[in-house]
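S.K.: If it helps, the file is called entry-v2.cif and holds mmCIF, C-alpha atoms:
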```cif
data_work
#
loop_
_atom_site.label_atom_id
_atom_site.label_comp_id
_atom_site.auth_asym_id
_atom_site.auth_seq_id
_atom_site.Cartn_x
_atom_site.Cartn_y
_atom_site.Cartn_z
CA MET A 177 28.69 12.96 -9.38
CA GLN A 178 26.16 14.57 -7.05
CA THR A 179 25.62 11.23 -5.27
CA ASN A 180 29.34 10.91 -4.58
CA ARG A 181 29.41 14.44 -3.20
CA HIS A 182 26.57 13.59 -0.79
CA LYS A 183 28.38 10.43 0.32
CA TYR A 184 31.64 12.29 0.93
CA THR A 185 29.74 14.93 2.94
CA MET A 186 28.12 12.28 5.13
CA MET A 187 31.43 10.47 5.64
CA ALA A 188 33.09 13.76 6.60
CA GLY A 189 30.24 14.41 9.06
CA LEU A 190 30.68 10.92 10.53
CA VAL A 191 34.43 11.46 11.04
CA ALA A 192 33.75 14.89 12.58
CA VAL A 193 31.24 13.44 15.06
CA MET A 194 33.67 10.66 15.97
CA ILE A 195 36.46 13.17 16.65
CA LEU A 196 34.11 15.36 18.75
CA GLN A 197 32.98 12.30 20.74
CA VAL A 198 36.59 11.29 21.46
CA LEU A 199 37.57 14.85 22.46
CA TRP A 200 34.51 15.12 24.68
CA MET A 201 35.32 11.79 26.38
CA ILE A 202 38.90 12.87 26.98
CA TYR A 203 37.72 16.18 28.45
CA ALA A 204 35.16 14.48 30.74
CA TYR A 205 37.74 11.92 31.87
CA GLN A 206 40.22 14.69 32.67
CA GLN A 207 37.57 16.57 34.66
CA GLU A 208 36.83 13.50 36.77
CA LEU A 209 40.56 12.98 37.42
CA ASP A 210 40.88 16.60 38.52
CA ASP A 211 37.97 16.12 40.94
CA LEU A 212 39.62 12.99 42.37
CA ARG A 213 42.92 14.75 42.80
CA GLU A 214 41.24 17.61 44.68
CA ALA A 215 39.48 15.13 46.99
CA ASP A 216 42.62 13.06 47.60
CA PRO A 217 45.88 14.83 46.63
CA MET A 218 47.87 11.69 47.49
CA MET A 219 46.06 9.51 44.90
CA SER A 220 47.97 8.85 41.69
CA ILE A 221 45.91 9.63 38.63
CA TYR A 222 47.54 6.65 36.91
CA SER A 223 46.53 4.12 39.57
CA VAL A 224 43.98 1.35 39.09
CA LYS A 225 41.93 2.86 41.92
CA ALA A 226 41.70 6.21 40.11
CA PHE A 227 40.68 4.55 36.82
CA THR A 228 38.07 2.38 38.59
CA GLU A 229 36.59 5.36 40.39
CA VAL A 230 36.37 7.43 37.19
CA PHE A 231 34.83 4.54 35.26
CA ARG A 232 32.24 3.98 38.04
CA LYS A 233 31.08 7.57 37.68
CA MET A 234 31.31 7.85 33.91
CA TRP A 235 30.09 4.47 32.57
CA PRO A 236 26.45 5.55 31.97
CA LEU A 237 27.67 8.57 30.04
CA MET A 238 30.21 6.51 28.10
CA LEU A 239 27.58 3.89 27.26
CA ALA A 240 25.11 6.53 26.07
CA SER A 241 27.81 8.12 23.91
CA LEU A 242 28.74 4.78 22.34
CA ILE A 243 25.09 3.91 21.62
CA THR A 244 24.47 7.35 20.11
CA PHE A 245 27.57 7.03 17.96
CA ALA A 246 26.58 3.49 16.84
CA ILE A 247 23.09 4.72 15.85
CA PHE A 248 24.64 7.60 13.93
CA ILE A 249 26.93 5.17 12.07
CA VAL A 250 23.98 2.92 11.14
CA ILE A 251 21.94 5.90 9.89
CA VAL A 252 24.83 7.20 7.77
CA LEU A 253 25.50 3.75 6.29
CA GLN A 254 21.81 3.32 5.45
CA LEU A 255 21.75 6.73 3.77
CA ILE A 256 24.84 5.84 1.75
CA ARG A 257 23.23 2.54 0.74
CA PHE A 258 20.04 4.38 -0.24
CA LEU A 259 22.05 6.81 -2.38
CA ASP A 260 23.87 3.92 -4.05
CA GLU A 261 20.56 2.19 -4.82
CA GLN A 262 19.11 5.40 -6.24
CA GLU A 263 22.17 5.87 -8.43
CA MET A 264 21.93 2.26 -9.60
CA MET A 265 18.22 2.62 -10.40
CA LYS A 266 18.94 5.83 -12.29
CA ASN A 267 21.57 4.06 -14.40
CA LEU A 268 19.27 1.08 -14.99
CA ARG A 269 16.41 3.36 -16.07
CA ASN A 270 18.77 5.09 -18.48
CA ASP A 271 19.82 1.68 -19.85
CA PHE A 272 16.17 0.67 -20.11
CA SER A 273 15.21 3.89 -21.91
CA TYR A 274 18.12 3.57 -24.32
CA ALA A 275 17.34 -0.07 -25.04
CA MET A 276 13.62 0.62 -25.52
CA VAL A 277 14.22 3.55 -27.87
CA HIS A 278 16.82 1.50 -29.75
CA ASP A 279 14.36 -1.36 -30.34
CA MET A 280 11.47 0.92 -31.25
CA LYS A 281 13.63 2.82 -33.70
CA SER A 282 14.13 -0.23 -35.91
CA PRO A 283 10.44 -0.97 -36.69
CA LEU A 284 9.70 2.76 -37.00
CA SER A 285 12.49 3.09 -39.56
CA SER A 286 11.12 0.11 -41.48
CA ILE A 287 7.60 1.57 -41.47
CA ILE A 288 8.81 4.98 -42.70
CA MET A 289 11.03 3.45 -45.35
CA GLY A 290 8.24 1.14 -46.55
CA THR A 291 5.60 3.88 -46.75
CA HIS A 292 7.97 6.23 -48.60
CA PHE A 293 8.78 3.49 -51.08
CA LEU A 294 5.10 2.69 -51.61
CA HIS A 295 4.23 6.37 -52.05
CA SER A 296 6.98 6.77 -54.64
CA GLY A 297 4.99 4.73 -57.17
CA LYS A 298 8.04 2.64 -58.11
CA VAL A 299 6.26 -0.63 -57.34
CA ASP A 300 2.77 0.22 -58.62
CA ASP A 301 3.26 -2.14 -61.56
CA LYS A 302 4.94 -4.83 -59.39
CA PRO A 303 2.16 -6.33 -57.26
CA VAL A 304 4.34 -9.01 -55.64
CA ILE A 305 6.95 -6.53 -54.43
CA LYS A 306 4.22 -4.06 -53.44
CA GLU A 307 2.50 -6.71 -51.33
CA LYS A 308 5.84 -7.55 -49.71
CA TYR A 309 6.33 -3.96 -48.58
CA PHE A 310 2.75 -3.75 -47.29
CA ASN A 311 3.40 -6.90 -45.24
CA ILE A 312 6.60 -5.40 -43.82
CA VAL A 313 4.83 -2.21 -42.77
CA GLU A 314 1.96 -4.18 -41.23
CA GLU A 315 4.24 -6.57 -39.32
CA GLU A 316 6.43 -3.77 -37.96
CA ALA A 317 3.37 -1.77 -36.88
CA GLU A 318 2.01 -4.84 -35.08
CA HIS A 319 5.40 -5.32 -33.44
CA LEU A 320 5.34 -1.73 -32.14
CA LEU A 321 1.77 -2.19 -30.89
CA GLN A 322 2.79 -5.36 -29.03
CA LEU A 323 5.63 -3.49 -27.30
CA VAL A 324 3.31 -0.68 -26.22
CA ASN A 325 0.60 -3.11 -25.06
CA LYS A 326 3.17 -5.05 -23.09
CA LEU A 327 4.32 -1.90 -21.32
CA LEU A 328 0.72 -0.98 -20.48
CA THR A 329 -0.08 -4.50 -19.29
CA ILE A 330 2.99 -4.61 -17.04
CA SER A 331 2.01 -1.25 -15.56
CA LYS A 332 -1.51 -2.56 -14.83
CA LEU A 333 -0.15 -5.77 -13.34
CA GLU A 334 2.32 -3.92 -11.13
CA ASN A 335 -0.48 -1.69 -9.83
CA GLN A 336 -2.87 -4.65 -9.44
CA LYS A 337 -5.36 -3.11 -11.84
CA LEU A 338 -5.58 -6.09 -14.20
CA PHE A 339 -7.97 -8.93 -13.38
CA LEU A 340 -7.78 -12.22 -15.25
CA ASN A 341 -10.84 -14.10 -16.46
CA LYS A 342 -9.43 -17.56 -15.81
CA GLN A 343 -10.96 -20.62 -17.43
CA GLU A 344 -9.96 -24.24 -17.95
CA THR A 345 -7.63 -24.10 -20.98
CA GLU A 346 -6.13 -26.96 -22.99
CA ILE A 347 -2.35 -26.73 -23.22
CA ALA A 348 -1.75 -28.67 -26.44
CA PRO A 349 -3.70 -26.45 -28.89
CA VAL A 350 -1.98 -23.33 -27.58
CA LEU A 351 1.42 -24.98 -28.00
CA ARG A 352 0.57 -26.14 -31.53
CA HIS A 353 -0.40 -22.61 -32.57
CA LEU A 354 2.77 -21.06 -31.12
CA ILE A 355 5.01 -23.78 -32.55
CA SER A 356 3.63 -23.31 -36.09
CA THR A 357 4.10 -19.52 -35.80
CA VAL A 358 7.70 -19.84 -34.60
CA GLN A 359 8.65 -22.41 -37.24
CA ALA A 360 7.22 -20.15 -39.97
CA LYS A 361 9.23 -17.11 -38.86
CA ALA A 362 12.42 -18.60 -37.38
CA GLN A 363 15.63 -17.93 -39.28
CA LYS A 364 17.31 -21.05 -37.89
CA PRO A 365 16.11 -24.63 -37.34
CA VAL A 366 13.95 -25.02 -34.22
CA ARG A 367 12.94 -28.47 -32.97
CA PHE A 368 10.14 -28.95 -30.46
CA SER A 369 9.26 -31.86 -28.19
CA GLU A 370 6.74 -32.31 -25.40
CA ASP A 371 5.65 -34.48 -22.50
CA LEU A 372 2.22 -33.24 -21.41
CA ARG A 373 1.11 -35.31 -18.41
CA ALA A 374 -1.30 -32.52 -17.42
CA GLY A 375 -3.61 -31.55 -20.28
CA THR A 376 -5.36 -28.43 -18.95
CA LEU A 377 -4.74 -25.53 -16.60
CA LEU A 378 -6.66 -22.57 -15.20
CA THR A 379 -5.74 -19.38 -17.06
CA GLU A 380 -6.87 -16.64 -19.43
CA GLU A 381 -5.81 -17.93 -22.84
CA ASP A 382 -4.55 -14.65 -24.33
CA TYR A 383 -2.17 -14.03 -21.44
CA PHE A 384 -1.14 -17.69 -21.39
CA LYS A 385 -0.21 -17.46 -25.07
CA GLU A 386 1.78 -14.27 -24.49
CA VAL A 387 3.67 -15.83 -21.56
CA LEU A 388 4.65 -18.88 -23.60
CA SER A 389 5.45 -16.72 -26.61
CA ASN A 390 7.92 -14.69 -24.54
CA LEU A 391 9.64 -17.80 -23.20
CA ILE A 392 9.85 -19.41 -26.64
CA ASP A 393 11.13 -16.17 -28.16
CA ASN A 394 13.91 -16.00 -25.56
CA SER A 395 14.81 -19.65 -26.19
CA VAL A 396 15.20 -18.99 -29.90
CA LYS A 397 17.12 -15.72 -29.47
CA TYR A 398 19.55 -16.94 -26.80
CA SER A 399 20.64 -20.14 -28.50
CA GLY A 400 23.09 -21.44 -31.04
CA GLU A 401 22.45 -22.44 -34.62
CA SER A 402 20.29 -25.42 -33.66
CA VAL A 403 17.48 -24.93 -31.14
CA HIS A 404 15.67 -27.63 -29.19
CA ILE A 405 12.74 -26.56 -26.97
CA HIS A 406 11.06 -29.13 -24.73
CA PHE A 407 7.69 -28.61 -23.01
CA GLU A 408 6.65 -30.64 -20.00
CA SER A 409 3.50 -30.43 -17.88
CA TRP A 410 2.50 -32.18 -14.67
CA GLU A 411 0.54 -31.43 -11.52
CA ASN A 412 0.71 -31.68 -7.74
CA ASP A 413 -1.80 -30.96 -4.99
CA LYS A 414 -1.82 -27.17 -5.52
CA TYR A 415 -0.48 -26.42 -9.00
CA VAL A 416 -0.41 -27.43 -12.62
CA LEU A 417 3.22 -26.93 -13.68
CA LEU A 418 4.46 -26.26 -17.20
CA SER A 419 8.18 -26.07 -17.98
CA VAL A 420 9.95 -24.72 -21.06
CA ARG A 421 13.49 -26.06 -21.48
CA ASP A 422 16.00 -25.06 -24.15
CA ASN A 423 19.57 -25.88 -25.08
CA GLY A 424 20.67 -22.25 -25.34
CA ILE A 425 23.51 -20.18 -23.93
CA GLY A 426 22.13 -20.28 -20.39
CA ILE A 427 21.90 -17.59 -17.73
CA SER A 428 24.60 -16.80 -15.19
CA LYS A 429 23.92 -17.21 -11.46
CA GLU A 430 24.27 -13.45 -11.04
CA ASP A 431 21.65 -12.65 -13.69
CA GLN A 432 19.24 -15.33 -12.41
CA LYS A 433 18.80 -13.29 -9.21
CA VAL A 434 17.47 -10.25 -11.07
CA ILE A 435 16.25 -11.66 -14.37
CA PHE A 436 12.56 -10.94 -13.66
CA ASP A 437 13.15 -7.33 -12.55
CA LYS A 438 12.16 -4.84 -15.24
CA PHE A 439 15.11 -2.44 -15.08
CA GLU A 440 17.69 -5.08 -14.14
CA ARG A 441 16.56 -7.18 -17.05
CA ALA A 442 17.03 -4.18 -19.34
CA ALA A 443 20.65 -3.95 -18.24
CA ILE A 444 21.15 -7.67 -18.91
CA HIS A 445 19.66 -7.26 -22.38
CA GLU A 446 21.87 -4.27 -23.00
CA ARG A 447 24.94 -6.40 -22.24
CA ASN A 448 23.58 -9.13 -24.53
CA ARG A 449 22.77 -6.55 -27.20
CA ARG A 450 26.47 -5.77 -27.48
CA GLY A 451 26.80 -9.43 -28.39
CA GLY A 452 24.23 -9.00 -31.15
CA VAL A 453 20.93 -9.88 -29.43
CA SER A 454 18.05 -7.42 -29.55
CA GLY A 455 15.31 -6.81 -27.01
CA PHE A 456 14.97 -4.55 -24.02
CA GLY A 457 13.88 -7.10 -21.49
CA LEU A 458 10.19 -6.64 -20.84
CA GLY A 459 9.44 -10.27 -21.68
CA LEU A 460 10.45 -11.99 -18.46
CA ASN A 461 9.12 -9.20 -16.27
CA TYR A 462 5.81 -9.61 -18.11
CA VAL A 463 5.90 -13.37 -17.47
CA ASP A 464 6.59 -12.79 -13.78
CA GLN A 465 3.81 -10.22 -13.42
CA VAL A 466 1.23 -12.38 -15.24
CA MET A 467 2.08 -15.43 -13.11
CA LYS A 468 1.70 -13.34 -9.95
CA ALA A 469 -1.69 -12.15 -11.24
CA HIS A 470 -2.63 -15.84 -11.56
CA GLY A 471 -1.67 -16.36 -7.91
CA GLY A 472 1.23 -18.50 -9.09
CA LYS A 473 4.90 -17.96 -9.88
CA VAL A 474 7.69 -18.61 -12.36
CA THR A 475 11.09 -20.07 -11.52
CA VAL A 476 14.30 -20.47 -13.51
CA GLN A 477 17.09 -23.03 -13.51
CA SER A 478 20.04 -22.65 -15.83
CA GLU A 479 23.64 -23.60 -16.47
CA LYS A 480 25.82 -21.45 -18.67
CA ASP A 481 26.28 -22.78 -22.23
CA LYS A 482 24.08 -25.81 -21.49
CA TYR A 483 20.41 -25.19 -20.80
CA THR A 484 17.69 -23.00 -19.29
CA VAL A 485 14.40 -24.18 -17.77
CA PHE A 486 11.53 -21.85 -16.91
CA THR A 487 8.77 -23.46 -14.83
CA LEU A 488 5.30 -21.90 -14.58
CA PHE A 489 3.12 -22.63 -11.54
CA PHE A 490 -0.63 -22.30 -12.24
CA PRO A 491 -2.89 -22.65 -9.17
CA LYS A 492 -5.63 -25.28 -9.55
CA LYS A 493 -8.20 -23.09 -7.80
CA ILE A 494 -9.28 -19.51 -8.48
#
```
Transcribe the structure of this file into structure tokens.
M.R.:
Amino acid sequence: MQTNRHKYTMMAGLVAVMILQVLWMIYAYQQELDDLREADPMMSIYSVKAFTEVFRKMWPLMLASLITFAIFIVIVLQLIRFLDEQEMMKNLRNDFSYAMVHDMKSPLSSIIMGTHFLHSGKVDDKPVIKEKYFNIVEEEAEHLLQLVNKLLTISKLENQKLFLNKQETEIAPVLRHLISTVQAKAQKPVRFSEDLRAGTLLTEEDYFKEVLSNLIDNSVKYSGESVHIHFESWENDKYVLLSVRDNGIGISKEDQKVIFDKFERAAIHERNRRGGVSGFGLGLNYVDQVMKAHGGKVTVQSEKDKYTVFTLFFPKKI
């Protein structure tokens, strides 16, 4: 509301300046015609000669006025654009905050419910059920810790305060570990395939695992009942490349432009959440930030309702 009021004020000021400029030009033109008529009473003020003479005297002033007015228009338009961007960022931050709180509320509720149930003593003589509730509390607490750590890591990466200890890392063992974890927890069938023409890359293993985990997690979440994830690695002169391809719902061209931005991604997740998918969108921003910290990059190719391919570029040299 306040942003709109500022925009209307600036537009009103722009119109006022334009009207004043036009009135001033008319007044100056009239003054020049009066001077011509005094110098030559026989000259018609509507003649071509009168117009040419006035223009000859006034063109520098007219040009300066037009340039000033054009600069004023550009400044006002830039201010309006800035206000629109600020309003958009405010809305995106609100979406992000809502989505983050929404996703943190679920594990917190599970932890509170589980601890209350365990404290009640109702399962003291039921060790299997008791162990189940302990596992739930532990898993949800770890999930919360991962979210917080991811936020802290992204903040460090954005401020260039995180330095990676990169070493030659084998790709296959990392994939095997992640695949076994996903298959154990997935609530729908997930099939994996691979074509690893490059066997190693230069990275810090913990961050490499987290990057792949985020991409795999997205592939599972944004897919149908049957998931197929294909890994492929190869290399060129500068990079070792690793792609993660799925057969999921895809990403629209519009969302591909902003998918790695933290707050934009939150808005995308919020739209997807209404379709039943959870998450507040730190995953891909994390991937992007980690790849930049490597000196590499991540790209995306996708077609709606067909596939999505994320390609990671790992530099060969430190």
S.K.: Quick one: of A:Gln206, A:Met194, A:Asn412, A:Asp393, who's nearest to Ile249 in chain A, counting all atoms listed in the file?
M.R.: A:Met194
S.K.: What lies within 10 Å of Leu351 in chain A using only C-alpha atoms, ignoring chain neighbours under 2 positions off, as a ChimeraX atom specification?
M.R.: /A:346-349,353-357,368,370,385,388-389,407
S.K.: Between CA of Glu314 in chain A and CA of Val366 in chain A, what is the spacing in Å?
M.R.: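 Computing it gives 25.0 Å between the two atoms.
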S.K.: Could you tell me how far CA of Ile427 in chain A lies from CA of Val485 in chain A, in Å and to one decimal?
M.R.: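 For CA of Ile427 in chain A relative to CA of Val485 in chain A, the distance reads 10.0 Å.
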S.K.: Taking into account all atoms listed in the file, which residue in the set A:Phe293, A:Phe248, A:Met234, A:Ile287 is nearest to Val191 in chain A?
M.R.: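 Of the candidates, the smallest distance to Val191 in chain A is held by A:Phe248.
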S.K.: I need the residue set behind the PyMOL selection byres ((chain A and resi 197) around 12) for this file; please write it as a PyMOL selection string.
M.R.: chain A and resi 190-196+198-204+237-246+248
S.K.: Name the residues within 8 Å of (1.3, -33.9, -16.7), counting only C-alpha atoms in the file's coordinates, and put them as a short mmCIF file (atom, residue, chain, number, x, y, z; two decimals) with C-alpha atoms, in the coordinates of the input.
M.R.:
```cif
data_model
loop_
_atom_site.label_atom_id
_atom_site.label_comp_id
_atom_site.auth_asym_id
_atom_site.auth_seq_id
_atom_site.Cartn_x
_atom_site.Cartn_y
_atom_site.Cartn_z
CA ASP A 371 5.65 -34.48 -22.50
CA LEU A 372 2.22 -33.24 -21.41
CA ARG A 373 1.11 -35.31 -18.41
CA ALA A 374 -1.30 -32.52 -17.42
CA GLY A 375 -3.61 -31.55 -20.28
CA GLU A 408 6.65 -30.64 -20.00
CA SER A 409 3.50 -30.43 -17.88
CA TRP A 410 2.50 -32.18 -14.67
CA GLU A 411 0.54 -31.43 -11.52
CA VAL A 416 -0.41 -27.43 -12.62
CA LEU A 417 3.22 -26.93 -13.68
#
```
S.K.: When you draw a straight line from CA of Glu208 in chain A to CA of Glu229 in chain A, how long is it in Å?
M.R.: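 Pair CA of Glu208 in chain A / CA of Glu229 in chain A returns 8.9 Å.
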S.K.: Given the choices A:Lys480, A:Val252, A:Lys397, A:Ser419, which gets closest to Val358 in chain A if the distance is worked out from all atoms listed in the file?
M.R.: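 Among A:Lys480, A:Val252, A:Lys397, A:Ser419, it is A:Lys397 that comes nearest to Val358 in chain A.
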S.K.: Please write the residues picked by the PyMOL selection byres ((chain A and resi 473-479) around 9) on this file as a PyMOL selection string.
M.R.: chain A and resi 425-429+432+463-472+480-490
S.K.: Go ahead and save the picked residues with C-alpha atoms, as a short mmCIF file (atom, residue, chain, number, x, y, z; two decimals), in the frame of the given file.
M.R.:
```cif
data_model
loop_
_atom_site.label_atom_id
_atom_site.label_comp_id
_atom_site.auth_asym_id
_atom_site.auth_seq_id
_atom_site.Cartn_x
_atom_site.Cartn_y
_atom_site.Cartn_z
CA ILE A 425 23.51 -20.18 -23.93
CA GLY A 426 22.13 -20.28 -20.39
CA ILE A 427 21.90 -17.59 -17.73
CA SER A 428 24.60 -16.80 -15.19
CA LYS A 429 23.92 -17.21 -11.46
CA GLN A 432 19.24 -15.33 -12.41
CA VAL A 463 5.90 -13.37 -17.47
CA ASP A 464 6.59 -12.79 -13.78
CA GLN A 465 3.81 -10.22 -13.42
CA VAL A 466 1.23 -12.38 -15.24
CA MET A 467 2.08 -15.43 -13.11
CA LYS A 468 1.70 -13.34 -9.95
CA ALA A 469 -1.69 -12.15 -11.24
CA HIS A 470 -2.63 -15.84 -11.56
CA GLY A 471 -1.67 -16.36 -7.91
CA GLY A 472 1.23 -18.50 -9.09
CA LYS A 480 25.82 -21.45 -18.67
CA ASP A 481 26.28 -22.78 -22.23
CA LYS A 482 24.08 -25.81 -21.49
CA TYR A 483 20.41 -25.19 -20.80
CA THR A 484 17.69 -23.00 -19.29
CA VAL A 485 14.40 -24.18 -17.77
CA PHE A 486 11.53 -21.85 -16.91
CA THR A 487 8.77 -23.46 -14.83
CA LEU A 488 5.30 -21.90 -14.58
CA PHE A 489 3.12 -22.63 -11.54
CA PHE A 490 -0.63 -22.30 -12.24
#
```
S.K.: Give the answer as one residue: which of A:Leu378, A:Leu340, A:Met280, A:Val250 has the shortest atom-to-atom distance to Lys414 in chain A, using all atoms listed in the file?
M.R.: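 Closest to Lys414 in chain A of all the choices is A:Leu378.
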S.K.: Restricting the calculation to only C-alpha atoms, which member of A:Leu321, A:Leu377, A:Gln207, A:Lys342 is positioned closest to Tyr415 in chain A?
M.R.: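 Answer, going by the shortest atom-to-atom distance: A:Leu377.
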S.K.: Would you write out, as a count of residues only, every residue that the PyMOL selection byres ((chain A and resi 256) around 9) captures in this file?
M.R.: 15
S.K.: Find, counting all atoms listed in the file, the residue in A:Leu327, A:Met289, A:Val313, A:Val420 that gets nearest to Gly459 in chain A.
M.R.: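 Among the listed residues, A:Leu327 lies closest to Gly459 in chain A.
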S.K.: List the spatial neighbours of range 282-285 of chain A as a list of chain:residue names - criterion: any atom at most 8 Å away, all atoms listed in the file, same-chain residues fewer than 5 positions off excluded.
M.R.: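 Those residues are A:Glu316, A:Ala317, A:His319, A:Leu320.
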